[in-house]
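A quick write-up on the structure given underneath.
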Protein chains: 2
Amino acid sequence: MSSGWPPIRKGIVKISFVVTARSGRARTGRLALAHGIVETPAFMPVGTQGTVKTLTPQDLKACGVQILLSNVYHLSLRPGLKILEKAGGLHRFMGWDGPILTDSGGYQVFSLAAKRRIDEKGVTFASHVDGSAHSLTPENVIQFELGIGVDIAVPLDHCVQYPCERAEAEEALERTTRWAERSKKEFILRQAQDERKTLVFGIVQGAMVPELRRRSAQQLTGIGFDGYCLGGFSVGEPKALMNELLPAAAENLPETQPRYLMGMGEPMDLVEAVEAGVDLFDCVIPTRHGRNGVAYTSEGKLNLKNAIHAEDPRPLDPACRCEVCRTHSRLYIRHLFQAQEILGLRLLSFHNIWFYSTLMAEIRRAIGDGSLGSLRSKLSVAYNGGK
Amino acid sequence: MSSGWPPIRKGIVKISFVVTARSGRARTGRLALAHGIVETPAFMPVGTQGTVKTLTPQDLKACGVQILLSNVYHLSLRPGLKILEKAGGLHRFMGWDGPILTDSGGYQVFSLAAKRRIDEKGVTFASHVDGSAHSLTPENVIQFELGIGVDIAVPLDHCVQYPCERAEAEEALERTTRWAERSKKEFILRQAQDERKTLVFGIVQGAMVPELRRRSAQQLTGIGFDGYCLGGFSVGEPKALMNELLPAAAENLPETQPRYLMGMGEPMDLVEAVEAGVDLFDCVIPTRHGRNGVAYTSEGKLNLKNAIHAEDPRPLDPACRCEVCRTHSRLYIRHLFQAQEILGLRLLSFHNIWFYSTLMAEIRRAIGDGSLGSLRSKLSVAYNGGK
């Protein structure tokens, strides 16, 4: 750990991150956390409201999921800290005993809440659930994350949309840095150093300006975090622009610590970001698109709402060994969507999470044996028509 | 078998029904079907559209479910016979390899379809799905059931609502008998006698008139079926009236064949009907009420939408060993309902089906050791305040 803190004395594992193999900028690693070990690169399914939609913790284990993402904005509004504490923390609340990372929800304040106001202190807003007044500050976000016992805490940040003026991007990045300082201070104050169970990551901002991204990375590594998030991507920018910026944005960050690209993405996005040196991902795509009838397969996407599947007795993906593909046919799953049966949403969510988990395992293997290029080509044929 | 047919030569089991123990009118039995053995009394979860809502076949197996119910009305409209044949029959379509009974859907025509017309030939109606014109006849219902390969086929009947005039009840019962004759004739014509994989049950009607129930039973046993359904209950009549009629209605039927009470019911209804000599049940209650937030437990019903559960870290039923009760708390499940998360519907459906399956196993054990009365008293305290 280059964060300057000693490792924990108690707990299941000694918290640490070790790079285990490299292939170009891509690397595999082992991130040991209080609730278990995460082999990276890893994908975190999104459990915004304390559940990965339609799936149980047992399902997620069966899919090979190593770590989940949840969200301070949503959890603090509902069910709220009191009930989460009553439950014995977020893990026991959800029935998930593996690692959990929480995003602060700064992004959600801007996309979901009404009457938003941002100032140096933090953000105030009206809940999208019941209109009640709330605020998130760097301090109360860290307090909440430590209070519910997450494995990785992400501090409050100020994210900007695409496109935005340079001055606005600069202001947001400087504020994110000042908030990061306050977050780390609060974190040190609240967590006894010899009983560390939670890591804290910093969030790099800087919009689409390489110079600002570099400055943000320098400021955050100066403060010192256990890992770094690449924030402010996946906000509407062209994919080519992100691919151009990502390698340098990742290279600004210490080789010895995990890098987490927030909110991405499609299968090809994951492979390309891994090639740029990214270790962690989260995205709603596999579950949200699953609920919309889309299956991710080794041969590309299938939309089960299309009539072409109405009489097709094949599994979603003949190469897949998940329970859904071993049990059910395309024509059955299409019928479930036609008949508006909840089971359809569940089966595609399960299959897609399995597909993403399996893809990450293939990526790790390919980094180990130097075949990432050929995996990328295979995926590119399936997802981009070979481009 | 008193139906006059020889047992099947091929298939997984020799189709048969054997009574294995008695306690008063109540009895346990073994119903051997082409897709497996059903220990009776048994409860059939309802999979109207080819799925027990929110649950997988693996879930149903885990809950101890032995046999499912599905419905000709729904399946014939969507996905239709062509797709079911393409899938290789209803079992492969659903991914369920255990026994299936199909109701004809005469009842659904009256509760769901528009432009209904009933005459001696059968019923014509407009589909509730797309308004297209359809008809069900005694012959095409049997053809459909044999075509999709069910274990137990139920013929088309004419069901009346409560209350109804005696003349109307009499006309419906006489028509049901004439349709039963045509159904059996079609059944014999279509299924080679030395390769029997499907049983056919007759449906007793007669509304709330003991004399008509007796006449219907005599007519149907005269035709000869593999088992008998008690139809026309659970149509809005007072519970006391049904309890009064049921023992005689069951006694009109042969001791050597299974009796199936259609569409019932609450836990106390099941125990009381078992005491009257009933062997098979189906009902939407455990899944439909589950989706409405109601859990069935050893201590009675819980409505998880009630605020009283908001901070309760106990499982739904501390006495229950299902996966939901071993993993999740009341406060979590209530949160899922508050947050409108699909997982809540799924968890209560699973728990309730487990509860019903376990209750039936307890009923079978109690018949075996003569303790049905004390099981009834225990349930009565939990569900009827001891009345």
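So you can find residues: chains in the structure tokens are A, B, ... in the order shown, residues in each start at 1, and ligands are numbered from 1 in order.
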Please build the interface table for chain A against chain B with a cut-off of 9 Å, listing for each qualifying residue the nearest atom pair and the distance in Å to one decimal; count only C-alpha atoms, order rows by chain and increasing number, and write it as a tab-separated table.
residue	atom	partner	partner_atom	distance
A:Gln49	CA	B:Ala339	CA	7.4
A:Gly50	CA	B:Leu336	CA	8.4
A:Thr51	CA	B:Leu343	CA	7.5
A:Val52	CA	B:Leu343	CA	8.5
A:Lys53	CA	B:Leu343	CA	6.5
A:Thr54	CA	B:Leu343	CA	4.6
A:Leu55	CA	B:Leu343	CA	6.4
A:Thr56	CA	B:Leu343	CA	7.4
A:Pro57	CA	B:Thr327	CA	8.8
A:Arg78	CA	B:Ala339	CA	7.7
A:Pro79	CA	B:His335	CA	6.4
A:Lys82	CA	B:Glu311	CA	8.6
A:Ile83	CA	B:Glu311	CA	5.9
A:Leu84	CA	B:Glu311	CA	9.0
A:Lys86	CA	B:Glu311	CA	6.6
A:Ala87	CA	B:Pro313	CA	5.8
A:Gly88	CA	B:Pro313	CA	8.8
A:Arg92	CA	B:His328	CA	8.2
A:Phe93	CA	B:Tyr332	CA	6.1
A:Met94	CA	B:Tyr332	CA	7.1
A:Gly95	CA	B:Thr327	CA	5.6
A:Trp96	CA	B:Thr327	CA	8.7
A:Val129	CA	B:Ala339	CA	8.9
A:Ala310	CA	B:Ile83	CA	7.5
A:Glu311	CA	B:Ile83	CA	5.9
A:Asp312	CA	B:Lys86	CA	8.1
A:Pro313	CA	B:Ala87	CA	5.8
A:Thr327	CA	B:Gly95	CA	5.6
A:His328	CA	B:Gly95	CA	6.0
A:Ser329	CA	B:Phe93	CA	7.5
A:Leu331	CA	B:Ala87	CA	7.7
A:Tyr332	CA	B:Phe93	CA	6.1
A:His335	CA	B:Pro79	CA	6.4
A:Leu336	CA	B:Thr51	CA	8.1
A:Gln338	CA	B:Arg78	CA	8.5
A:Ala339	CA	B:Gln49	CA	7.4
A:Glu341	CA	B:Lys53	CA	6.7
A:Ile342	CA	B:Thr54	CA	5.3
A:Leu343	CA	B:Thr54	CA	4.6
A:Gly344	CA	B:Thr54	CA	8.4
A:Arg346	CA	B:Thr54	CA	7.6
A:Leu347	CA	B:Thr56	CA	8.7
Any idea what's packed within 7 Å of Met44 in chain A, counting only C-alpha atoms, ignoring anything in its chain fewer than 3 positions away? Could you give it as a PyMOL selection string? chain A and resi 67-69+281-282
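With CA of Ala295 in chain A on one side and CA of Arg365 in chain A on the other, the separation reads 23.5 Å.
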List as JSON, numbers by chain the protein and nucleic acid residues near Tyr296 in chain B, meaning an atom at most 7 Å away when only C-alpha atoms are counted, but skip any in the same chain fewer than 3 places from it. {"B": [300, 301, 302, 352, 355]}
Only C-alpha atoms, please: the residues just picked out, written as a PDB file, in the first residue's frame.
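Dumped everything to out_7.pdb:
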ATOM      1  CA  GLY B 300     -50.000 -16.281  10.278  1.00  0.00           C
ATOM      2  CA  LYS B 301     -49.833 -13.682   7.515  1.00  0.00           C
ATOM      3  CA  LEU B 302     -47.473 -10.701   7.456  1.00  0.00           C
ATOM      4  CA  ASN B 352     -44.807 -18.570   0.057  1.00  0.00           C
ATOM      5  CA  PHE B 355     -44.476 -22.463   2.921  1.00  0.00           C
TER       6      PHE B 355
END
Could you pull out the residues in range 78-181 of chain B that DSSP calls strand (DSSP E) from the backbone, as JSON, numbers by chain? {"B": [100, 101, 102, 103, 114, 115, 116, 117, 118, 123, 124, 125, 126, 133, 134, 135, 136, 152, 153]}
In Å, rounded to a single decimal, give me how far CA of Leu156 in chain A is from CA of Glu181 in chain A.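 CA of Leu156 in chain A lies 10.7 Å from CA of Glu181 in chain A.
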Gap from CA of Pro138 in chain B to CA of Leu220 in chain B - Å, one decimal: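 Calculated distance between CA of Pro138 in chain B and CA of Leu220 in chain B is 14.7 Å.
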So that I can check the surroundings of Ala276 in chain A, please list as a PyMOL selection string every protein, DNA and RNA residue that reaches within 6 Å of it, counting only C-alpha atoms and ignoring chain neighbours fewer than 3 positions away. chain A and resi 25+247+273
Output N, CA and C atoms for every residue in that selection, as a PDB file, in the first residue's frame.
ATOM      1  N   ARG A  25      -0.037  -2.099 -21.395  1.00  0.00           N
ATOM      2  CA  ARG A  25      -0.501  -1.338 -20.228  1.00  0.00           C
ATOM      3  C   ARG A  25      -1.461  -2.147 -19.357  1.00  0.00           C
ATOM      4  N   PRO A 247      -5.835   6.287 -22.080  1.00  0.00           N
ATOM      5  CA  PRO A 247      -4.497   5.783 -21.728  1.00  0.00           C
ATOM      6  C   PRO A 247      -3.686   6.790 -20.921  1.00  0.00           C
ATOM      7  N   ALA A 273     -10.555  -0.343 -22.279  1.00  0.00           N
ATOM      8  CA  ALA A 273     -10.106   0.319 -21.049  1.00  0.00           C
ATOM      9  C   ALA A 273      -9.084  -0.542 -20.298  1.00  0.00           C
TER      10      ALA A 273
END
Can you list, as JSON, numbers by chain, all residues belonging to range 250-386 of chain A that DSSP tags as alpha helix (DSSP H)? {"A": [250, 251, 267, 268, 269, 270, 271, 272, 273, 274, 275, 285, 286, 287, 288, 289, 290, 291, 323, 324, 325, 326, 327, 330, 331, 332, 333, 334, 335, 336, 337, 338, 342, 343, 344, 345, 346, 347, 348, 349, 350, 351, 352, 353, 354, 355, 356, 357, 358, 359, 360, 361, 362, 363, 364, 365, 366, 367, 368, 369, 372, 373, 374, 375, 376, 377, 378, 379, 380, 381, 382, 383, 384]}
Restricting to only C-alpha atoms, whichever of B:Leu75, B:Cys164, B:Ala217, B:Val109 is closest to Ala250 in chain B is B:Ala217
